[in-house]
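What follows is the content of data-v7.csv, which has CSV, C-alpha atoms:
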chain,number,residue,atom,x,y,z
M,1,MET,CA,-13.4,40.4,34.5
M,2,VAL,CA,-11.9,38.8,31.5
M,3,TYR,CA,-9.4,35.9,31.7
M,4,PHE,CA,-7.2,35.0,28.7
M,5,VAL,CA,-6.6,31.3,29.2
M,6,GLY,CA,-4.2,29.0,27.4
M,7,ALA,CA,-6.0,25.8,26.6
M,8,GLY,CA,-2.7,23.9,26.0
M,9,THR,CA,-1.7,21.9,23.0
M,10,GLY,CA,-4.8,19.6,22.6
M,11,ALA,CA,-4.9,17.0,25.3
M,12,VAL,CA,-7.7,17.9,27.7
M,13,ASP,CA,-5.6,17.3,30.8
M,14,LEU,CA,-2.8,19.6,29.7
M,15,ILE,CA,-4.7,22.7,30.6
M,16,THR,CA,-3.4,24.2,33.8
M,17,VAL,CA,-5.3,23.7,37.1
M,18,ARG,CA,-5.7,27.5,37.2
M,19,GLY,CA,-7.1,27.5,33.7
M,20,MET,CA,-9.5,24.7,34.5
M,21,HIS,CA,-10.8,26.6,37.6
M,22,MET,CA,-11.3,29.7,35.5
M,23,LEU,CA,-13.4,27.7,33.0
M,24,GLU,CA,-15.5,26.2,35.8
M,25,LYS,CA,-16.3,29.7,37.1
M,26,ALA,CA,-16.9,31.4,33.7
M,27,ASP,CA,-20.3,32.8,32.8
M,28,VAL,CA,-19.2,33.3,29.2
M,29,VAL,CA,-16.5,31.4,27.2
M,30,ILE,CA,-15.2,32.6,23.8
M,31,TYR,CA,-13.0,29.8,22.5
M,32,ALA,CA,-10.9,29.4,19.3
M,33,GLY,CA,-13.0,26.6,17.9
M,34,SER,CA,-10.7,25.8,15.0
M,35,LEU,CA,-7.8,24.9,17.3
M,36,VAL,CA,-9.0,24.3,20.9
M,37,ASN,CA,-10.2,20.9,21.9
M,38,PRO,CA,-14.0,21.2,22.4
M,39,GLU,CA,-13.8,18.6,25.2
M,40,LEU,CA,-12.4,21.4,27.4
M,41,LEU,CA,-15.9,23.0,27.4
M,42,LYS,CA,-17.1,20.2,29.6
M,43,TYR,CA,-15.4,22.1,32.5
M,44,THR,CA,-17.9,24.9,32.1
M,45,LYS,CA,-21.2,25.4,34.0
M,46,LYS,CA,-24.4,24.2,32.4
M,47,ASP,CA,-25.7,27.8,32.0
M,48,CYS,CA,-22.4,29.1,30.6
M,49,SER,CA,-22.8,31.0,27.3
M,50,ILE,CA,-20.3,29.6,24.7
M,51,TYR,CA,-19.1,31.4,21.5
M,52,ASN,CA,-16.8,30.1,18.8
M,53,SER,CA,-14.4,32.8,17.8
M,54,ALA,CA,-13.5,31.0,14.6
M,55,LYS,CA,-16.8,32.4,13.2
M,56,MET,CA,-16.3,35.9,14.7
M,57,THR,CA,-14.4,39.1,14.0
M,58,LEU,CA,-12.4,40.9,16.6
M,59,GLU,CA,-15.1,43.5,17.0
M,60,GLU,CA,-17.7,40.8,17.5
M,61,VAL,CA,-15.6,39.2,20.2
M,62,ILE,CA,-15.2,42.5,22.0
M,63,GLN,CA,-18.9,43.1,21.7
M,64,VAL,CA,-19.7,39.8,23.5
M,65,ILE,CA,-17.2,40.7,26.3
M,66,GLU,CA,-18.6,44.2,26.7
M,67,GLN,CA,-22.1,42.8,27.0
M,68,ALA,CA,-20.9,40.3,29.6
M,69,GLU,CA,-19.2,43.1,31.6
M,70,GLN,CA,-22.4,45.1,31.6
M,71,ASN,CA,-24.2,42.1,33.1
M,72,ASN,CA,-21.5,41.6,35.7
M,73,LYS,CA,-20.4,38.3,34.2
M,74,ASN,CA,-16.9,36.7,34.0
M,75,THR,CA,-15.6,35.9,30.6
M,76,VAL,CA,-12.9,33.3,29.6
M,77,ARG,CA,-11.2,34.0,26.3
M,78,LEU,CA,-9.8,30.5,25.6
M,79,HIS,CA,-6.9,30.4,23.3
M,80,THR,CA,-4.9,27.4,21.9
M,81,GLY,CA,-1.5,26.6,23.4
M,82,ASP,CA,-0.2,29.6,25.3
M,83,PRO,CA,-1.9,33.0,24.6
M,84,SER,CA,1.5,34.8,24.4
M,85,ILE,CA,2.6,32.9,21.3
M,86,TYR,CA,0.6,33.7,18.1
M,87,GLY,CA,-2.5,34.3,20.2
M,88,ALA,CA,-3.5,37.7,18.8
M,89,VAL,CA,-4.2,38.8,22.3
M,90,ARG,CA,-2.6,42.2,22.4
M,91,GLU,CA,-5.1,43.7,20.0
M,92,GLN,CA,-7.9,42.4,22.2
M,93,MET,CA,-6.3,43.8,25.4
M,94,ASP,CA,-5.8,47.2,23.8
M,95,LEU,CA,-9.5,47.4,23.0
M,96,LEU,CA,-10.4,46.3,26.5
M,97,ASP,CA,-8.1,49.0,27.9
M,98,GLU,CA,-10.1,51.6,25.9
M,99,LEU,CA,-13.3,50.2,27.5
M,100,GLY,CA,-11.9,50.1,31.0
M,101,VAL,CA,-12.4,46.4,31.2
M,102,GLU,CA,-10.0,44.5,33.6
M,103,TYR,CA,-8.3,41.3,32.4
M,104,GLU,CA,-5.5,38.9,33.3
M,105,SER,CA,-3.7,36.0,31.6
M,106,CYS,CA,-3.3,32.3,32.5
M,107,PRO,CA,-0.4,30.5,30.7
M,108,GLY,CA,-0.8,27.3,28.7
M,109,VAL,CA,1.4,24.6,27.2
M,110,SER,CA,2.5,25.7,23.7
M,111,ALA,CA,2.8,23.2,20.8
M,112,CYS,CA,6.6,23.1,20.8
M,113,PHE,CA,6.5,21.9,24.4
M,114,GLY,CA,3.7,19.5,23.9
M,115,ALA,CA,5.6,18.0,20.9
M,116,ALA,CA,8.8,17.8,22.9
M,117,ALA,CA,7.0,15.9,25.6
M,118,SER,CA,5.4,13.5,23.1
M,119,LEU,CA,8.9,12.8,21.6
M,120,ASN,CA,10.9,13.0,24.9
M,121,LEU,CA,13.1,15.7,23.4
M,122,GLU,CA,15.4,18.2,25.0
M,123,TYR,CA,16.0,21.2,22.9
M,124,THR,CA,19.0,22.5,24.9
M,125,LEU,CA,21.6,19.7,24.9
M,126,PRO,CA,25.1,20.8,26.1
M,127,GLY,CA,27.5,20.9,23.2
M,128,ILE,CA,24.7,20.9,20.6
M,129,ALA,CA,22.3,23.7,21.3
M,130,GLN,CA,21.6,26.1,24.2
M,131,SER,CA,18.8,28.1,22.6
M,132,LEU,CA,15.3,27.4,21.2
M,133,ILE,CA,14.0,29.7,18.4
M,134,ILE,CA,10.3,29.9,18.1
M,135,THR,CA,9.2,31.4,14.8
M,136,ARG,CA,7.1,31.1,11.6
M,137,MET,CA,7.1,31.7,7.9
M,138,GLU,CA,5.4,34.8,6.7
M,139,GLY,CA,1.9,34.3,5.4
M,140,LYS,CA,-1.1,36.5,5.9
M,141,THR,CA,0.8,37.9,8.8
M,142,ALA,CA,4.1,39.5,7.8
M,143,VAL,CA,7.4,38.7,9.5
M,144,PRO,CA,10.1,41.5,10.0
M,145,GLU,CA,12.9,41.1,7.6
M,146,GLU,CA,15.5,40.7,10.3
M,147,GLU,CA,13.5,37.7,11.6
M,148,SER,CA,13.4,35.8,8.3
M,149,ILE,CA,13.9,32.1,8.5
M,150,GLU,CA,17.3,32.3,6.7
M,151,SER,CA,18.5,34.9,9.2
M,152,LEU,CA,17.4,32.9,12.3
M,153,ALA,CA,18.7,29.7,10.7
M,154,SER,CA,22.2,31.2,10.7
M,155,HIS,CA,22.4,30.3,14.4
M,156,GLY,CA,22.1,26.6,13.7
M,157,THR,CA,20.4,26.0,17.0
M,158,SER,CA,17.1,24.2,17.9
M,159,MET,CA,14.1,25.8,16.1
M,160,ALA,CA,10.3,25.3,16.4
M,161,ILE,CA,8.5,26.6,13.4
M,162,TYR,CA,4.7,27.3,13.6
M,163,LEU,CA,2.1,28.0,11.0
M,164,SER,CA,4.3,26.9,8.1
M,165,THR,CA,3.2,23.4,7.1
M,166,GLY,CA,1.8,24.5,3.8
M,167,MET,CA,5.1,26.1,2.7
M,168,LEU,CA,7.6,23.3,3.4
M,169,GLY,CA,9.4,23.6,0.0
M,170,GLU,CA,10.1,27.2,0.6
M,171,LEU,CA,10.9,26.6,4.2
M,172,ARG,CA,13.6,24.0,3.2
M,173,LYS,CA,15.3,26.5,0.9
M,174,ARG,CA,15.4,29.1,3.5
M,175,LEU,CA,16.7,26.8,6.3
M,176,LEU,CA,19.5,25.7,4.0
M,177,LYS,CA,20.6,29.3,3.4
M,178,GLY,CA,21.5,29.4,7.2
M,179,ALA,CA,23.8,27.1,9.2
M,180,TYR,CA,21.8,23.9,8.7
M,181,ARG,CA,22.8,20.9,6.5
M,182,PRO,CA,20.4,19.1,4.2
M,183,ASP,CA,20.7,16.1,6.6
M,184,THR,CA,19.9,18.1,9.7
M,185,PRO,CA,17.3,16.2,11.7
M,186,ALA,CA,13.7,17.5,11.6
M,187,VAL,CA,10.4,16.3,12.9
M,188,ILE,CA,6.9,17.0,11.6
M,189,VAL,CA,4.4,16.8,14.5
M,190,TYR,CA,0.7,16.9,13.5
M,191,LYS,CA,-1.7,17.9,16.3
M,192,ALA,CA,0.7,17.5,19.1
M,193,THR,CA,-0.8,15.7,22.2
M,194,TRP,CA,-4.2,15.3,20.5
M,195,PRO,CA,-5.5,11.6,20.3
M,196,GLU,CA,-4.8,11.8,16.6
M,197,GLU,CA,-1.2,13.0,16.9
M,198,GLU,CA,1.2,11.9,14.3
M,199,ALA,CA,5.0,12.5,14.3
M,200,TYR,CA,7.5,11.8,11.5
M,201,LEU,CA,11.3,12.1,11.9
M,202,CYS,CA,13.0,13.2,8.7
M,203,THR,CA,15.6,15.7,7.6
M,204,ILE,CA,15.4,19.3,6.3
M,205,GLU,CA,15.9,17.9,2.8
M,206,THR,CA,13.0,15.6,3.1
M,207,LEU,CA,10.5,17.8,4.9
M,208,GLU,CA,8.2,18.4,2.0
M,209,GLU,CA,8.1,14.9,0.7
M,210,THR,CA,7.5,13.5,4.2
M,211,ALA,CA,4.5,15.8,4.7
M,212,LYS,CA,3.1,14.9,1.3
M,213,ALA,CA,3.5,11.2,2.0
M,214,HIS,CA,1.4,11.4,5.1
M,215,GLY,CA,-1.1,13.9,3.8
M,216,ILE,CA,-0.2,16.6,6.3
M,217,THR,CA,-1.0,20.1,5.1
M,218,LYS,CA,-1.8,22.1,8.3
M,219,THR,CA,-2.1,21.9,12.1
M,220,ALA,CA,1.5,20.8,12.5
M,221,ILE,CA,4.7,22.1,14.1
M,222,ILE,CA,8.1,21.7,12.5
M,223,LEU,CA,11.1,21.0,14.8
M,224,ILE,CA,14.6,21.5,13.5
M,225,GLY,CA,18.1,21.0,14.8
M,226,ASP,CA,20.7,18.4,15.8
M,227,ALA,CA,19.2,18.1,19.3
M,228,ILE,CA,16.2,16.4,17.6
M,229,ALA,CA,18.2,13.2,16.9
M,230,PRO,CA,21.6,13.7,18.8
M,231,GLN,CA,24.5,11.4,18.1
M,232,LYS,CA,26.8,12.9,20.7
M,233,TYR,CA,26.3,15.5,23.4
M,234,SER,CA,28.1,16.7,26.5
M,235,ARG,CA,26.9,15.7,29.9
M,236,SER,CA,25.3,18.5,32.0
M,237,ARG,CA,27.8,20.0,34.4
M,238,LEU,CA,25.0,20.4,36.9
M,239,TYR,CA,25.1,16.7,38.0
M,240,ALA,CA,28.8,16.1,37.4
M,241,PRO,CA,30.6,14.5,40.4
M,242,ASP,CA,33.4,17.2,40.2
M,243,PHE,CA,30.9,20.1,40.2
M,244,GLU,CA,30.1,21.7,43.5
M,245,THR,CA,26.8,23.5,44.3
M,246,GLU,CA,25.4,25.1,47.5
M,247,PHE,CA,23.4,21.8,48.0
M,248,ARG,CA,26.1,19.2,47.0
M,249,GLY,CA,29.8,19.0,47.5
M,250,MET,CA,32.3,17.4,45.0
M,251,ARG,CA,32.2,13.7,44.7
M,252,LEU,CA,35.8,12.9,43.7
Let's see the structure in the file written out as structure tokens.
Amino acid sequence: MVYFVGAGTGAVDLITVRGMHMLEKADVVIYAGSLVNPELLKYTKKDCSIYNSAKMTLEEVIQVIEQAEQNNKNTVRLHTGDPSIYGAVREQMDLLDELGVEYESCPGVSACFGAAASLNLEYTLPGIAQSLIITRMEGKTAVPEEESIESLASHGTSMAIYLSTGMLGELRKRLLKGAYRPDTPAVIVYKATWPEEEAYLCTIETLEETAKAHGITKTAIILIGDAIAPQKYSRSRLYAPDFETEFRGMRL
């Protein structure tokens, strides 16, 4: 059996209890060594075989899994954050399907949620934003034209931008082609929830200079939108005295 496990954003205790138990029972662990906190490997058994996928190709990863299956061993494929977001898991699953290998997934805390927790943010403030767009700039992996930054920026809602820290000048230009203003709040969060986390509040206009001033070139998430630093927002109707639910009557 293969378990695709989300390691969380970085802090060791942000892995799920289910994910921790899967690590404890694993005979083989293949982890994303360039991004996953190695302290998580302390949850594994002493005789667990550990592989760093940062040094492996897809075919080499599958080969290790196939060998583990032949020896009736359980494998944990440990991905950063949540495997469903930029995890490159579908291609692994398709190859496992061809081999007849069973697998299941365990969710994890993605960077945009770890960063929001560190900053005590709410992305969906009434009257300001009711959507969160998770996206990235195109790099080695292409982005569909209809999902370009400028197209998504036309909504003007909260946005979490992954894998784009090295392209902040171009990102700024594209964001401003949408519905954002130059003074729209932004935050650069480096290694969210890791012990060495850094976070810098700025604006879309000052994104690039803020990153340069602090030497941040990678491993950061960019948060955009008026919900980042709200001046005014509407109170949620859920807890309003004149709003009735099946659990609470009106309090007039």
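Here CA of Pro195 (chain M) stands at a distance of 15.8 Å from CA of Gly81 (chain M).
With all atoms listed in the file as the atoms that count, the residue of M:His155, M:Lys140, M:His21, M:Lys218 with the shortest distance to Gly178 (chain M) is M:His155.
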**region 123-139 of chain M surroundings by all atoms listed in the file, 12 Å radius, close-in-sequence under 6 positions cut, as a PyMOL selection string** = chain M and resi 84-86+110-113+115-117+145+147-175+220-238
**Polymer residues at most 12 Å from Tyr239 (chain M), only C-alpha atoms, same-chain spacing of 4 or more positions, as a PyMOL selection string** = chain M and resi 234-235+243-245+247-251
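Closest approach to Lys25 (chain M) from the set M:Leu40, M:Val76, M:Ala54, M:Val61 is made by M:Val76, with distances taken over all atoms listed in the file.
We find CA of Val29 (chain M) and CA of Lys45 (chain M) to be spaced 10.2 Å apart.
Of note, CA of Gly215 (chain M) and CA of Val12 (chain M) are spaced 25.1 Å apart.
With only C-alpha atoms as the atoms that count, the minimum distance from Met93 (chain M) to the choices M:Leu14, M:Ala7, M:Val2, M:Glu24 is reached by M:Val2.
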**Request:** Show which residues sit within 7 Å of region 203-209 of chain M, as a ChimeraX atom specification. Count all atoms listed in the file, and ignore same-chain residues fewer than 2 positions away.
**Result:** /M:168-169,172,182-186,211-213
Please write the residues from the selection above to a file, keeping C-alpha atoms, as a PDB file, in the coordinates of the input.
ATOM      1  CA  LEU M 168       7.600  23.300   3.400  1.00  0.00           C
ATOM      2  CA  GLY M 169       9.400  23.600   0.000  1.00  0.00           C
ATOM      3  CA  ARG M 172      13.600  24.000   3.200  1.00  0.00           C
ATOM      4  CA  PRO M 182      20.400  19.100   4.200  1.00  0.00           C
ATOM      5  CA  ASP M 183      20.700  16.100   6.600  1.00  0.00           C
ATOM      6  CA  THR M 184      19.900  18.100   9.700  1.00  0.00           C
ATOM      7  CA  PRO M 185      17.300  16.200  11.700  1.00  0.00           C
ATOM      8  CA  ALA M 186      13.700  17.500  11.600  1.00  0.00           C
ATOM      9  CA  ALA M 211       4.500  15.800   4.700  1.00  0.00           C
ATOM     10  CA  LYS M 212       3.100  14.900   1.300  1.00  0.00           C
ATOM     11  CA  ALA M 213       3.500  11.200   2.000  1.00  0.00           C
TER      12      ALA M 213
END
Give the padded box for region 237-252 of chain M as JSON: axis-aligned, covering all atoms listed in the file, 4 Å on each side, centre and edge lengths in Å to one decimal.
{"center_x": 29.6, "center_y": 19.0, "center_z": 41.2, "size_x": 20.4, "size_y": 20.2, "size_z": 21.6}
**Prompt:** Which residue out of M:Thr219, M:Glu60, M:Ile30, M:Leu176 has the minimum interatomic distance to Trp194 (chain M) when only C-alpha atoms are used?
**Reply:** M:Thr219
**Message:** Neighbouring residues of Ala68 (chain M) were defined as those with any atom within 8 Å, considering all atoms listed in the file; residues of the same chain fewer than 6 positions away were excluded. Please report them as a count of residues only.
**Reply:** 3
